[in-house]
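Below: the structure, in structure tokens.
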Amino acid sequence: MAKAVADTTSGSNQGGFTLDGTPISGFSAMHDSGTGGSPSLGNFPLFPYVSCPGDDIDRCDFPKRTRAPRHGQFNASSVVARPGYFEVTLNTGIRAAMTTTVHAALFRFSFPATGGDGTYPLILQDLTDLSDSRQDNGTVSVDASTGRITGSGRFQSSFSQGQYVSYFCTDFSGSQIHDSGIFVNSRATTDVKNLTISRSINGYPLPGGAFVRFASTDPVFARVGLSFISSEQACSNAEAEIPDYDFAGIEQTAYNAWQQKLSPITISQGGVDDDFVTNFYSGIYRTMVNPQNYTGENPYFNTGEPYFDSFYCLWDSFRSQIPFLTILDPDSVAEMIRSLIDTYRYEGWLPDCRMTFSKGYTQGGSNADVILADGYLKGINAGIDWDTGYEAVVKDAEVEPFDWSANGRGGLDSWKGLGYIPVEDLDVKGFGTMTRSISRTLEYAYNDFTIAQWAKLRNDTGDTEKYLRSSENWKSLYKSDQTSNFANGQNTGFTGFFQPKYLNATWGYQDPLWCSNIDNAGTVCSLQNTAHETFESSIWEYGFFVPHNQGDLITLYGGPDQFVRRLDFLHDQNITYIGNEPAFLTVFQYHYAGRPGLSARRSHFYIPRYFDTTPEGLPGNDDSGAMGSFVAFSMMGLFPNPGQNVYLITPPFFESINITHPQTGNTATIRNVNFDPTYNAIYIQSATLNGEPYTRNWIDHSFFTEGKELVLTLGRNESTWGTAVEDLPPSIGEYTGFNRTASRRKLRSIGSRYAPSFGQEMRFV
């Protein structure tokens with residue numbers, strides 16, 4: 001819950017800190033990681049001053065709009081950041097260091113002995129947040145004898161219509177207190193110790209807060225307790241977790257906690273540059289920062305179940321972030337699933353996006369369905385009420401909420417009656433943004449497929465058949481004669497794309513390149529009412545989002561060679577943007593066309609070209625660990641098709657990698673033979689699994705739980721490994737048009753939980 005860092009004034013400060021030359025406005029204890037849109041959290045920042053000019057408190061710059069440019073400048077070379085610790089030195093000479101426990105943060109402010117035009121260092125605490133979203137009244141009190149500051153404020157939740165109340169409790173140690181007081185806007189007083197302040201009427205919250213001045217320049221420790229329940233609980237949290245202001249001890253405990261979380265994965269570097277190792281473990285670290293565990297801090301329902309927040313959003317995280325945690329931290333994933341199910345019990349729906357106790361906006365399908373099904377298929381069990389979980393995903397598929405902008409799915413009458421979501425749908429049961437008809441159709445189809453998988457394992461034949469049928473609804477929007485032209489009118493050379501369709505089954509039109517990375521026309525592509533029929537991505541890219549039936553999709557696109565040609569065009573022409581999640585699986589979909597070597601080549605194209613260890617080493621924001629998980633999976637050499645028991649095999653970026661399963665204690669190993677640290681030999685020539693020849697280009701989750709060994713022999717050129725039809729990943733449609741084998745078997749969906757058969761029939765779970 002506590003994630004302390006400096007907050008800058010940057011327009012890209014969603015996580016608090018940036019290295020883009022903007023100044024620091026404060027140091028706060030709560031943040032969300034790598035989100036888009038408006039910043040989240042950053043409540044109640046502290047800010048230190050060497051002194052007020054002439055020790056006149058009215059001459060201090062209290063509002064953050066004035067204090068940041070005048071006192072918040074810093075040199076980037078002074079920044080020190082590692083798991084559990086952050087440090088920066090301001091140009092005023094103040095060095096700020098911080099570390100955290102679960103519900104509290106400990107700051108250490110070291111003041112220069114000289115340099116201020118005054119005697120008494122000052123630290124303020126502000127009733128604001130990163131996005132200046134405070135609503136109605138904020139309150140703050142400072143104790144004259146101890147300097148303890150307590151307070152609260154109501155703030156706007158990011159990416160939702162909700163609000164939340166946050167509380168804090170701050171204590172100081174290390175230097176004797178000189179005096180204390182409150183400030184409003186640019187004026188302050190030591191005569192008043194309590195303040196209730198309104199939002200103001202001009203759209204910008206009236207600055208206000210409290211301050212403490214100190215009698216010497218000795219280092220000051222500020223302990224900030226956090227709570228969403230009360231200031232009293234914030235104080236209790238701080239006192240329990242940081243009883244003695246032992247900064248080094250708290251930092252070491254935080255470091256040890258991260259070491260323990262990261263320890264299941266070890267590598268043999270094999271001569272690879274250290275930057276690749278840093279990139280890999282940084283990706284894993286970022287994967288584990290969100291969602292946030294707020295268990296015991298939910299002010300709305302306290303059922304004894306775990307409560308997780310900051311799902312930004314499941315549309316982003318279902319593809320690789322939570323699947324990575326399923327391998328590395330299955331106990332936490334079990335708690336996340338329990339939290340999602342408990343939210344369903346209390347609010348009636350599984351969330352697709354959730355932040356600070358509010359339902360966020362749904363971007364596409366009901367993708368909590370994929371998270372739950374993926375966990376069930378892979379044996380995540382601890383304490384989970386799977387019957388209620390299944391009830392919840394079926395409700396998503398069958399019952400339309402009145403407000404489907406933040407719950408469930410919309411247009412279900414059309415979905416069931418027509419087999420697709422129409423453009424300009426007539427929906428009288430529920431209401432939401434009437435856009436994204438193509439991407440919603442594709443996502444609903446996949447959501448239903450994952451429900452069918454789950455139903456099969458529950459021996460529910462009726463639901464299995466029903467949701468398998470609706471999982472094929474994606475075909476309703478495929479227009480076989482649709483062409484695609486560049487903005488200059490030049491034809492791309494490809495025919496056959498998804499297109500919007502009206503209620504009367506006539507075709508609409510959306511340029512397949514709208515909302516792509518090369519669309520420079522200002523096309524609206526998000527949740528606006530004027531947006532188009534795909535969300536944050538183009539028809540070109542969504543044209544590959546049929547994760548469960550690549551066989552039929554490849555056939556529609558003219559066979560495996562044309563499928564590969566189209567995939568190459570998507571990437572080589574920069575139509576896709578690797579900084580957005582729909583691009584992830586397309587990097588590895590060459591596997592389905594029998595070209596796993598091209599997946600390896602494509603992943604090396606993106607790493608480190610778009611992902612590296614510099615401050616600019618991410619394409620956009622991290623999307624709460626989604627980008628980090630893409631890096632981690634890609635470099636590990638196994639990429640998931642989420643909601644299925646399938647990992648696509650490519651060579652790891654290291655000579656070998658070991659993954660110890662936290663629950664079974666078994667260690668899975670992937671070892672490269674003929675490993676080349678310059679990455680010229682990245683093509684699998686042959687493989688063995690537990691010493692036996694292995695030709696499939698995918699593997700299942702038992703690889704991790706049972707601790708198997710996969711040995712890959714590498715070479716400089718593509719080989720026939722993993723290219724035969726029987727070696728391709730599962731598809732509910734038939735693979736046709738392949739010349740490398742006489743087999744044309746259909747891969748059937750008849751699996752058993754989490755351990756696919758390796759017999760005559762390939763099992764789909």
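Labels for the structure tokens follow display order: chains A, B, ..., residues from 1 in each chain, ligands from 1.
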Cut-off 12 Å: closest region 205-293 of chain A/region 120-143 of chain A atom pairs per residue, using only C-alpha atoms, as JSON lines:
{"residue": "A:Pro205", "atom": "CA", "partner": "A:Arg134", "partner_atom": "CA", "distance": 6.2}
{"residue": "A:Leu206", "atom": "CA", "partner": "A:Thr128", "partner_atom": "CA", "distance": 9.0}
{"residue": "A:Pro207", "atom": "CA", "partner": "A:Leu127", "partner_atom": "CA", "distance": 7.1}
{"residue": "A:Gly208", "atom": "CA", "partner": "A:Leu127", "partner_atom": "CA", "distance": 5.8}
{"residue": "A:Gly209", "atom": "CA", "partner": "A:Asp126", "partner_atom": "CA", "distance": 4.5}
{"residue": "A:Ala210", "atom": "CA", "partner": "A:Gln125", "partner_atom": "CA", "distance": 5.5}
{"residue": "A:Phe211", "atom": "CA", "partner": "A:Leu124", "partner_atom": "CA", "distance": 4.0}
{"residue": "A:Val212", "atom": "CA", "partner": "A:Ile123", "partner_atom": "CA", "distance": 5.6}
{"residue": "A:Arg213", "atom": "CA", "partner": "A:Leu122", "partner_atom": "CA", "distance": 4.3}
{"residue": "A:Phe214", "atom": "CA", "partner": "A:Tyr120", "partner_atom": "CA", "distance": 5.4}
{"residue": "A:Ala215", "atom": "CA", "partner": "A:Tyr120", "partner_atom": "CA", "distance": 5.6}
{"residue": "A:Ser216", "atom": "CA", "partner": "A:Tyr120", "partner_atom": "CA", "distance": 6.3}
{"residue": "A:Thr217", "atom": "CA", "partner": "A:Pro121", "partner_atom": "CA", "distance": 6.5}
{"residue": "A:Asp218", "atom": "CA", "partner": "A:Pro121", "partner_atom": "CA", "distance": 9.2}
{"residue": "A:Pro219", "atom": "CA", "partner": "A:Pro121", "partner_atom": "CA", "distance": 10.0}
{"residue": "A:Val220", "atom": "CA", "partner": "A:Ile123", "partner_atom": "CA", "distance": 9.2}
{"residue": "A:Phe221", "atom": "CA", "partner": "A:Ile123", "partner_atom": "CA", "distance": 10.6}
{"residue": "A:Ala222", "atom": "CA", "partner": "A:Ile123", "partner_atom": "CA", "distance": 9.2}
{"residue": "A:Arg223", "atom": "CA", "partner": "A:Gln125", "partner_atom": "CA", "distance": 12.0}
{"residue": "A:Val224", "atom": "CA", "partner": "A:Gln125", "partner_atom": "CA", "distance": 10.3}
{"residue": "A:Ser231", "atom": "CA", "partner": "A:Val140", "partner_atom": "CA", "distance": 10.2}
**Item:** Selection near Trp514 (chain A), 7 Å with only C-alpha atoms, sequence-local residues under 4 positions removed, as number ranges by chain
**Value:** A: 519, 523, 538
**Item:** Backbone DSSP call of strand (DSSP E or B) for region 3-228 of chain A, listed as a VMD selection string
**Value:** chain A and resid 5 to 8 24 to 28 31 41 46 to 49 74 80 to 82 85 to 90 95 to 100 104 to 110 122 to 126 135 to 142 149 to 156 160 163 to 173 177 to 184 187 to 189 194 to 197 208 to 214 220 to 227
Written selection (C-alpha atoms) as a tab-separated table (two decimals), in the first residue's frame:
chain	number	residue	atom	x	y	z
A	5	VAL	CA	8.66	8.61	-3.91
A	6	ALA	CA	9.17	12.22	-4.98
A	7	ASP	CA	6.37	13.82	-6.98
A	8	THR	CA	7.24	16.05	-9.92
A	24	ILE	CA	9.65	18.19	-7.36
A	25	SER	CA	6.47	19.43	-5.69
A	26	GLY	CA	6.49	17.07	-2.72
A	27	PHE	CA	7.24	13.64	-1.29
A	28	SER	CA	4.20	11.41	-0.81
A	31	HIS	CA	1.24	5.84	-5.65
A	41	LEU	CA	-2.97	9.01	-5.32
A	46	LEU	CA	5.59	16.49	2.54
A	47	PHE	CA	7.95	19.25	1.46
A	48	PRO	CA	11.10	20.42	3.31
A	49	TYR	CA	12.64	23.89	3.42
A	74	PHE	CA	17.20	18.76	-8.50
A	80	VAL	CA	19.18	6.72	-6.10
A	81	ALA	CA	16.39	4.20	-6.65
A	82	ARG	CA	16.12	0.53	-5.81
A	85	TYR	CA	14.42	2.83	-1.28
A	86	PHE	CA	14.42	6.21	-3.04
A	87	GLU	CA	16.72	9.19	-2.58
A	88	VAL	CA	17.18	12.57	-4.24
A	89	THR	CA	19.00	15.78	-3.33
A	90	LEU	CA	17.28	19.07	-4.00
A	95	ARG	CA	18.73	15.29	0.81
A	96	ALA	CA	15.47	13.32	0.96
A	97	ALA	CA	15.51	9.55	1.44
A	98	MET	CA	12.52	7.27	1.91
A	99	THR	CA	11.58	3.67	2.54
A	100	THR	CA	8.34	1.87	3.36
A	104	ALA	CA	3.54	3.43	6.39
A	105	ALA	CA	6.50	5.30	4.97
A	106	LEU	CA	9.61	6.62	6.69
A	107	PHE	CA	11.26	9.74	5.26
A	108	ARG	CA	14.67	11.08	6.22
A	109	PHE	CA	15.38	14.73	5.45
A	110	SER	CA	19.01	15.85	5.83
A	122	LEU	CA	10.48	23.59	8.07
A	123	ILE	CA	8.50	20.61	6.77
A	124	LEU	CA	4.94	21.08	5.53
A	125	GLN	CA	2.25	18.54	4.77
A	126	ASP	CA	-0.25	19.47	2.09
A	135	GLN	CA	-13.26	17.36	-3.22
A	136	ASP	CA	-15.31	19.32	-0.62
A	137	ASN	CA	-13.49	19.74	2.71
A	138	GLY	CA	-10.06	18.61	3.81
A	139	THR	CA	-9.05	18.57	7.46
A	140	VAL	CA	-5.71	18.76	9.25
A	141	SER	CA	-4.56	19.09	12.87
A	142	VAL	CA	-1.11	19.52	14.35
A	149	ILE	CA	-0.01	15.95	12.07
A	150	THR	CA	-3.24	14.11	11.30
A	151	GLY	CA	-5.81	14.73	8.63
A	152	SER	CA	-7.94	13.53	5.78
A	153	GLY	CA	-9.35	14.49	2.43
A	154	ARG	CA	-11.83	13.28	-0.15
A	155	PHE	CA	-10.34	12.77	-3.61
A	156	GLN	CA	-11.40	11.80	-7.09
A	160	SER	CA	-13.65	6.34	-12.74
A	163	GLN	CA	-14.38	9.27	-4.92
A	164	TYR	CA	-12.51	8.05	-1.86
A	165	VAL	CA	-11.42	9.37	1.52
A	166	SER	CA	-7.82	8.98	2.60
A	167	TYR	CA	-6.34	9.54	6.08
A	168	PHE	CA	-2.83	10.11	7.36
A	169	CYS	CA	-0.84	10.39	10.58
A	170	THR	CA	2.63	11.93	10.55
A	171	ASP	CA	5.15	11.95	13.40
A	172	PHE	CA	8.63	13.47	13.50
A	173	SER	CA	11.86	12.45	15.19
A	177	ILE	CA	10.44	20.96	17.45
A	178	HIS	CA	10.58	24.74	17.40
A	179	ASP	CA	6.93	25.47	16.58
A	180	SER	CA	4.07	24.37	14.35
A	181	GLY	CA	0.93	25.64	12.69
A	182	ILE	CA	-1.26	25.62	9.63
A	183	PHE	CA	-1.22	27.37	6.27
A	184	VAL	CA	-3.93	28.45	3.83
A	187	ARG	CA	-0.27	32.57	4.43
A	188	ALA	CA	0.54	30.69	7.62
A	189	THR	CA	0.11	30.98	11.37
A	194	ASN	CA	-6.67	22.84	13.31
A	195	LEU	CA	-7.96	23.53	9.83
A	196	THR	CA	-10.95	22.53	7.73
A	197	ILE	CA	-10.63	23.86	4.21
A	208	GLY	CA	-3.84	24.21	2.80
A	209	GLY	CA	-2.12	22.03	5.34
A	210	ALA	CA	0.12	22.04	8.37
A	211	PHE	CA	3.79	22.57	9.09
A	212	VAL	CA	6.39	21.92	11.75
A	213	ARG	CA	9.60	23.91	12.25
A	214	PHE	CA	12.69	22.43	13.90
A	220	VAL	CA	14.54	14.83	10.61
A	221	PHE	CA	12.65	11.55	10.27
A	222	ALA	CA	9.01	11.80	9.21
A	223	ARG	CA	6.89	8.69	9.76
A	224	VAL	CA	3.68	8.75	7.72
A	225	GLY	CA	0.96	6.24	8.55
A	226	LEU	CA	-1.74	5.59	5.96
A	227	SER	CA	-5.32	4.41	6.08
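When DSSP reads the backbone of this structure, the residues of region 478-584 of chain A it assigns to alpha helix (DSSP H) are Ile539, Trp540, Glu541, Tyr542, Gln550, Gly551, Asp552, Leu553, Ile554, Thr555, Leu556, Pro560, Asp561, Gln562, Phe563, Val564, Arg565, Arg566, Leu567, Asp568, Phe569, Leu570, His571 and Asp572 of chain A.
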Let's have the selection written as a PDB file, in the first residue's frame, with C-alpha atoms.
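Listed below is the output, out.pdb:
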ATOM      1  CA  ILE A 539      -8.727  -3.301 -37.240  1.00  0.00           C
ATOM      2  CA  TRP A 540      -5.359  -4.375 -38.586  1.00  0.00           C
ATOM      3  CA  GLU A 541      -4.207  -5.293 -35.096  1.00  0.00           C
ATOM      4  CA  TYR A 542      -7.531  -6.576 -33.774  1.00  0.00           C
ATOM      5  CA  GLN A 550      -5.973 -19.346 -34.904  1.00  0.00           C
ATOM      6  CA  GLY A 551      -6.624 -22.292 -37.195  1.00  0.00           C
ATOM      7  CA  ASP A 552      -9.732 -20.769 -38.754  1.00  0.00           C
ATOM      8  CA  LEU A 553      -8.209 -17.289 -38.730  1.00  0.00           C
ATOM      9  CA  ILE A 554      -5.160 -18.511 -40.657  1.00  0.00           C
ATOM     10  CA  THR A 555      -7.477 -20.140 -43.185  1.00  0.00           C
ATOM     11  CA  LEU A 556      -9.481 -16.920 -43.606  1.00  0.00           C
ATOM     12  CA  PRO A 560       0.036 -19.915 -43.071  1.00  0.00           C
ATOM     13  CA  ASP A 561       2.277 -18.130 -45.576  1.00  0.00           C
ATOM     14  CA  GLN A 562      -0.209 -15.292 -46.053  1.00  0.00           C
ATOM     15  CA  PHE A 563      -0.789 -15.172 -42.298  1.00  0.00           C
ATOM     16  CA  VAL A 564       2.956 -14.707 -41.742  1.00  0.00           C
ATOM     17  CA  ARG A 565       3.092 -12.106 -44.511  1.00  0.00           C
ATOM     18  CA  ARG A 566       0.269 -10.179 -42.833  1.00  0.00           C
ATOM     19  CA  LEU A 567       1.912 -10.419 -39.401  1.00  0.00           C
ATOM     20  CA  ASP A 568       5.187  -9.169 -40.851  1.00  0.00           C
ATOM     21  CA  PHE A 569       3.374  -6.256 -42.473  1.00  0.00           C
ATOM     22  CA  LEU A 570       1.703  -5.358 -39.170  1.00  0.00           C
ATOM     23  CA  HIS A 571       5.084  -5.065 -37.468  1.00  0.00           C
ATOM     24  CA  ASP A 572       7.370  -3.941 -40.279  1.00  0.00           C
TER      25      ASP A 572
END
**Request:** Check the smallest atom-to-atom distance from each of A:Asn621, A:Thr101, A:Thr190, A:Thr287 to Phe633 (chain A) using only C-alpha atoms, then report the winner.
**Result:**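 Using only C-alpha atoms, the shortest distance to Phe633 (chain A) belongs to A:Thr287.
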**Asked** How far is it from CA of Asp61 (chain A) to CA of Cys235 (chain A), in Å with one decimal?
**Response**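 Separation of CA of Asp61 (chain A) and CA of Cys235 (chain A): 28.1 Å.
If only C-alpha atoms are the atoms counted, then among A:Arg436, A:Lys3, A:Lys416, A:Arg671 the closest residue to Glu536 (chain A) is A:Arg436.
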